[in-house]
Amino acid sequence: VKTGMGMPAFVSDKSYIGYLVSQGVPLREARDYALAGCLDVNLPGKSRINAFGMFIAPLVLEITLNNGIESRTGKQLGLRTGEFESFETFDDLMNAYKAQMAHFMSLAAEEHNILLHAQAELFPDAVHSALMVDAIKEGKDALDRTLPFENGACMNVVGMINVADSMAAVKKLVFEEKKITKKELKAALDANWEGYENIRKMCLAAPKYGNGDYYVDSIAKELYQFWADTSVTFPTIFGGTMKPAGISITSYGPGGALTGATPDGRYVGENLADGTMSAVQGRDTHGPTALIRSAMTINQTPYQSTLFNMKFHPSALKTTEDLRKLASLIKT
């Protein structure tokens, strides 16, 4: 670990097994889980990971602030949920964002099903299918049957912590303290903060996830619960429903490149948060236990995967005692 390679990853048996049991998997089978891809839970021979896109949550926030319009193309891609300047309360903004999210999530779920259908039609796989449980009894290709734990399509969210930080800034500065008007914030975002450096400074100073501050952690908790609850409302062509997931791989780079300036103080095109349960890079300033407290606010049991990145300077891992401290932190 102290080499900085990022491997091995540390995963929680309690979290993975708890998720599988919550999905109706018997405890004995849940203990036999394996990871596929990065952190995606599977039961060998009894499940799969297949359709798995990267959904850029801050891009939906940008579209929400523009009443459903994608600003770079000028196209009405989202719902008409109202002009930002017309929202009277923070709840108006949150409700509009959730409506836009549900809309775009439905499109992502439809895309997943189209992809799965195309795979089933064009790419049958006899070897893969023969290795699945009850293969001879079923007599079907793996893409033409429902597996015991059916997780063939996941709804995977990227950049949700950027949204939580952005929402906290808007709630505090626009709706509660009224230090910034909605018109001013909108103009600052449209200008990529150029000429509005004072407003950006206030947004950067607003509460940030990763510091054990419930003001913003509670927003992250609400957003992730919404994602989990909404994901499972979409059916898959395999049977069962989409499963909520939270990994980013490298998508925080291209995802950020697609997204304009956000109210958390982020510039146009800047990287998004590189994990799903960890803080935006550099915004956790109160130490590792505060970062863990923020992550523990979020109910992660409904997720088939989540990603929590924590980075230490090499100077913190020089001695045997340093390593003991890290081991204690991981166990905790």
# chains A, B, ... in the order shown; residues from 1 in each chain; ligands from 1
$ residues_around --residues "A:Ile69" --least-positions-apart "5" --cutoff "12 Å" --atoms "only C-alpha atoms" --output "list in words"
Leu59, Val60, Leu61, Glu62, Ile63, Thr64, Gly74, Lys75, Gln76, Leu77, Gly78, Leu79, Arg80, Thr81, Gly82, Glu83, Phe84 and Gln100 of chain A
$ select_by_dssp --residues "stretch 204-267 of chain A" --states "strand (DSSP E or B)" --output "CSV table (one decimal) with all heavy atoms, in the first residue's frame"
chain,number,residue,atom,x,y,z
A,235,PRO,N,-37.1,-1.8,-15.0
A,235,PRO,CA,-36.9,-3.3,-15.3
A,235,PRO,C,-35.8,-3.5,-16.3
A,235,PRO,O,-35.4,-2.6,-17.1
A,235,PRO,CB,-38.3,-3.7,-15.9
A,235,PRO,CG,-38.8,-2.4,-16.6
A,235,PRO,CD,-38.3,-1.3,-15.7
A,241,THR,N,-34.7,-5.9,-11.9
A,241,THR,CA,-34.6,-4.5,-12.1
A,241,THR,C,-33.1,-4.0,-12.2
A,241,THR,O,-32.2,-4.8,-11.8
A,241,THR,CB,-35.2,-3.7,-10.9
A,241,THR,OG1,-34.5,-3.9,-9.7
A,241,THR,CG2,-36.7,-4.1,-10.7
A,243,LYS,N,-29.8,-2.3,-11.0
A,243,LYS,CA,-29.2,-2.2,-9.7
A,243,LYS,C,-28.4,-0.9,-9.5
A,243,LYS,O,-27.6,-0.5,-10.4
A,243,LYS,CB,-28.3,-3.4,-9.4
A,243,LYS,CG,-29.0,-4.8,-9.5
A,243,LYS,CD,-30.0,-5.0,-8.4
A,243,LYS,CE,-30.5,-6.4,-8.4
A,243,LYS,NZ,-31.4,-6.7,-9.5
A,244,PRO,N,-28.5,-0.2,-8.4
A,244,PRO,CA,-27.7,1.0,-8.2
A,244,PRO,C,-26.2,0.6,-7.9
A,244,PRO,O,-25.9,-0.4,-7.2
A,244,PRO,CB,-28.3,1.6,-6.9
A,244,PRO,CG,-29.0,0.5,-6.2
A,244,PRO,CD,-29.4,-0.5,-7.3
A,245,ALA,N,-25.3,1.4,-8.5
A,245,ALA,CA,-23.9,1.2,-8.3
A,245,ALA,C,-23.2,2.6,-8.2
A,245,ALA,O,-23.7,3.6,-8.6
A,245,ALA,CB,-23.3,0.5,-9.5
A,246,GLY,N,-22.0,2.5,-7.6
A,246,GLY,CA,-21.2,3.8,-7.4
A,246,GLY,C,-19.7,3.6,-7.6
A,246,GLY,O,-19.0,3.5,-6.6
A,262,THR,N,-19.7,24.5,-11.9
A,262,THR,CA,-20.7,24.1,-11.0
A,262,THR,C,-20.6,24.9,-9.7
A,262,THR,O,-19.6,25.4,-9.4
A,262,THR,CB,-20.6,22.6,-10.6
A,262,THR,OG1,-19.2,22.3,-10.5
A,262,THR,CG2,-21.1,21.7,-11.8
A,266,ARG,N,-16.2,24.7,-8.9
A,266,ARG,CA,-15.5,24.0,-10.0
A,266,ARG,C,-15.5,24.8,-11.3
A,266,ARG,O,-16.6,25.4,-11.6
A,266,ARG,CB,-16.1,22.6,-10.1
A,266,ARG,CG,-15.3,21.7,-11.0
A,266,ARG,CD,-16.1,20.4,-11.2
A,266,ARG,NE,-16.1,20.0,-12.6
A,266,ARG,CZ,-16.9,20.5,-13.5
A,266,ARG,NH1,-17.9,21.3,-13.2
A,266,ARG,NH2,-16.7,20.1,-14.8
$ closest_atom_pairs --of "stretch 132-185 of chain A" --to "stretch 214-219 of chain A" --cutoff "8 Å" --atoms "only C-alpha atoms" --output "CSV"
residue,atom,partner,partner_atom,distance
A:Ala164,CA,A:Ile219,CA,5.7
A:Asp165,CA,A:Val216,CA,6.6
A:Met167,CA,A:Ile219,CA,7.5
A:Ala168,CA,A:Val216,CA,5.5
$ atom_distance --atom1 "atom CA of A:Ala153" --atom2 "atom CA of A:Leu20"
15.5 Å
$ residues_around --residues "A:Ala9" --least-positions-apart "3" --cutoff "12 Å" --atoms "only C-alpha atoms" --output "tab-separated table (two decimals) with all heavy atoms, in the first residue's frame"
chain	number	residue	atom	x	y	z
A	1	VAL	N	0.83	-1.20	0.00
A	1	VAL	CA	0.00	0.00	0.00
A	1	VAL	C	0.86	1.26	0.00
A	1	VAL	O	0.59	2.23	-0.70
A	1	VAL	CB	-0.95	0.00	1.21
A	1	VAL	CG1	-1.64	1.34	1.37
A	1	VAL	CG2	-1.98	-1.10	1.08
A	4	GLY	N	2.05	3.40	-3.02
A	4	GLY	CA	1.18	4.33	-3.73
A	4	GLY	C	0.52	3.75	-4.97
A	4	GLY	O	-0.05	4.49	-5.77
A	5	MET	N	0.56	2.43	-5.13
A	5	MET	CA	0.00	1.80	-6.34
A	5	MET	C	-1.53	1.74	-6.32
A	5	MET	O	-2.15	1.49	-7.33
A	5	MET	CB	0.55	0.38	-6.48
A	5	MET	CG	2.05	0.33	-6.75
A	5	MET	SD	2.50	0.99	-8.35
A	5	MET	CE	1.85	-0.28	-9.44
A	6	GLY	N	-2.11	1.92	-5.14
A	6	GLY	CA	-3.57	1.81	-5.07
A	6	GLY	C	-4.06	0.38	-4.99
A	6	GLY	O	-5.26	0.12	-5.03
A	12	SER	N	-15.19	-4.41	2.09
A	12	SER	CA	-15.88	-4.77	3.33
A	12	SER	C	-16.79	-5.97	3.11
A	12	SER	O	-17.79	-5.88	2.40
A	12	SER	CB	-16.70	-3.58	3.83
A	12	SER	OG	-17.56	-3.99	4.87
A	35	LEU	N	-15.55	-10.32	-6.74
A	35	LEU	CA	-15.61	-9.02	-7.38
A	35	LEU	C	-15.27	-9.15	-8.86
A	35	LEU	O	-14.34	-9.86	-9.24
A	35	LEU	CB	-14.64	-8.04	-6.71
A	35	LEU	CG	-14.87	-7.78	-5.23
A	35	LEU	CD1	-13.95	-6.67	-4.76
A	35	LEU	CD2	-16.31	-7.42	-4.95
A	38	CYS	N	-14.14	-3.67	-11.29
A	38	CYS	CA	-13.42	-2.98	-10.21
A	38	CYS	C	-13.91	-3.47	-8.85
A	38	CYS	O	-13.21	-4.15	-8.12
A	38	CYS	CB	-13.62	-1.48	-10.32
A	38	CYS	SG	-12.87	-0.75	-11.76
A	39	LEU	N	-15.14	-3.12	-8.53
A	39	LEU	CA	-15.69	-3.39	-7.20
A	39	LEU	C	-17.08	-3.99	-7.27
A	39	LEU	O	-17.81	-4.00	-6.28
A	39	LEU	CB	-15.73	-2.08	-6.40
A	39	LEU	CG	-14.38	-1.46	-6.08
A	39	LEU	CD1	-14.54	0.00	-5.65
A	39	LEU	CD2	-13.66	-2.24	-5.00
A	307	LEU	N	-17.28	3.33	-4.09
A	307	LEU	CA	-15.84	3.58	-4.12
A	307	LEU	C	-15.47	4.71	-3.16
A	307	LEU	O	-16.00	5.82	-3.26
A	307	LEU	CB	-15.40	3.95	-5.54
A	307	LEU	CG	-13.95	4.39	-5.71
A	307	LEU	CD1	-12.98	3.29	-5.29
A	307	LEU	CD2	-13.68	4.81	-7.15
A	308	PHE	N	-14.55	4.41	-2.25
A	308	PHE	CA	-14.08	5.37	-1.26
A	308	PHE	C	-12.57	5.47	-1.38
A	308	PHE	O	-11.84	4.54	-1.03
A	308	PHE	CB	-14.49	4.89	0.14
A	308	PHE	CG	-14.06	5.78	1.28
A	308	PHE	CD1	-14.82	6.88	1.62
A	308	PHE	CD2	-12.92	5.50	2.01
A	308	PHE	CE1	-14.44	7.70	2.68
A	308	PHE	CE2	-12.54	6.31	3.07
A	308	PHE	CZ	-13.31	7.41	3.41
A	309	ASN	N	-12.08	6.59	-1.92
A	309	ASN	CA	-10.64	6.80	-2.09
A	309	ASN	C	-10.09	7.61	-0.92
A	309	ASN	O	-10.70	8.58	-0.49
A	309	ASN	CB	-10.35	7.56	-3.39
A	309	ASN	CG	-10.53	6.70	-4.62
A	309	ASN	OD1	-10.37	5.48	-4.56
A	309	ASN	ND2	-10.86	7.32	-5.73
A	310	MET	N	-8.93	7.18	-0.42
A	310	MET	CA	-8.26	7.93	0.64
A	310	MET	C	-6.76	7.94	0.32
A	310	MET	O	-6.18	6.88	0.07
A	310	MET	CB	-8.52	7.30	1.99
A	310	MET	CG	-7.93	8.07	3.16
A	310	MET	SD	-8.36	7.36	4.76
A	310	MET	CE	-10.05	7.96	4.93
A	330	ILE	N	-8.12	1.28	8.77
A	330	ILE	CA	-8.86	0.43	7.83
A	330	ILE	C	-9.83	-0.46	8.59
A	330	ILE	O	-11.00	-0.61	8.20
A	330	ILE	CB	-7.89	-0.40	6.98
A	330	ILE	CG1	-7.09	0.52	6.04
A	330	ILE	CG2	-8.64	-1.46	6.17
A	330	ILE	CD1	-5.89	-0.13	5.40
$ residues_around --residues "A:Ser106" --least-positions-apart "3" --cutoff "12 Å" --atoms "only C-alpha atoms" --output "PyMOL selection string"
chain A and resi 55+78+99-103+109-113+155+227+230-236+242
$ write_last_selection --atoms "C-alpha atoms" --output "mmCIF file, in the first residue's frame"
data_model
loop_
_atom_site.group_PDB
_atom_site.id
_atom_site.type_symbol
_atom_site.label_atom_id
_atom_site.label_comp_id
_atom_site.auth_asym_id
_atom_site.auth_seq_id
_atom_site.Cartn_x
_atom_site.Cartn_y
_atom_site.Cartn_z
ATOM 1 C CA PHE A 55 -23.997 8.613 -15.473
ATOM 2 C CA GLY A 78 -34.342 17.683 -20.163
ATOM 3 C CA ALA A 99 -37.284 15.219 -11.593
ATOM 4 C CA GLN A 100 -34.518 15.767 -14.157
ATOM 5 C CA MET A 101 -32.494 12.889 -12.702
ATOM 6 C CA ALA A 102 -35.426 10.476 -12.928
ATOM 7 C CA HIS A 103 -35.972 11.544 -16.536
ATOM 8 C CA ALA A 109 -32.049 2.371 -18.357
ATOM 9 C CA GLU A 110 -33.618 2.172 -21.824
ATOM 10 C CA GLU A 111 -30.141 2.399 -23.404
ATOM 11 C CA HIS A 112 -28.964 -0.458 -21.175
ATOM 12 C CA ASN A 113 -31.839 -2.659 -22.315
ATOM 13 C CA MET A 155 -27.273 2.395 -12.859
ATOM 14 C CA TRP A 227 -30.463 7.273 -6.740
ATOM 15 C CA THR A 230 -35.074 5.286 -8.350
ATOM 16 C CA SER A 231 -32.675 2.799 -9.971
ATOM 17 C CA VAL A 232 -34.697 -0.221 -8.901
ATOM 18 C CA THR A 233 -37.872 1.131 -10.517
ATOM 19 C CA PHE A 234 -36.499 0.331 -13.994
ATOM 20 C CA PRO A 235 -36.905 -3.252 -15.311
ATOM 21 C CA THR A 236 -34.284 -5.135 -17.292
ATOM 22 C CA MET A 242 -31.568 -2.218 -12.605
#
$ select_by_dssp --residues "stretch 22-153 of chain A" --states "helix (DSSP H, G or I)" --output "PyMOL selection string"
chain A and resi 22+27-30+57-65+84-86+90-122+126-130+135-138+142-144
$ closest_residue --among "A:Ser294, A:Thr259, A:Asn198, A:Gln119" --to "A:Ile237" --atoms "only C-alpha atoms"
A:Gln119
$ residues_around --residues "stretch 25-31 of chain A" --least-positions-apart "3" --cutoff "9 Å" --atoms "only C-alpha atoms" --output "list in words"
Asp13, Tyr16, Ile17, Gly18, Tyr19, Leu20, Val21, Ser22, Ala34, Leu43, Pro148 and Phe149 of chain A
$ residues_around --residues "A:Leu291" --least-positions-apart "4" --cutoff "12 Å" --atoms "only C-alpha atoms" --output "JSON, numbers by chain"
{"A": [208, 209, 210, 211, 212, 213, 214, 217, 277, 278, 279, 280, 281, 282, 283, 284, 285, 286, 287, 295, 296, 297, 298, 308, 309, 310, 311, 329]}
$ closest_residue --among "A:Leu116, A:Val41, A:Val174, A:Ile161" --to "A:Thr276" --atoms "only C-alpha atoms"
A:Ile161
$ atom_distance --atom1 "atom CA of A:Asn271" --atom2 "atom CA of A:Asn66"
21.2 Å
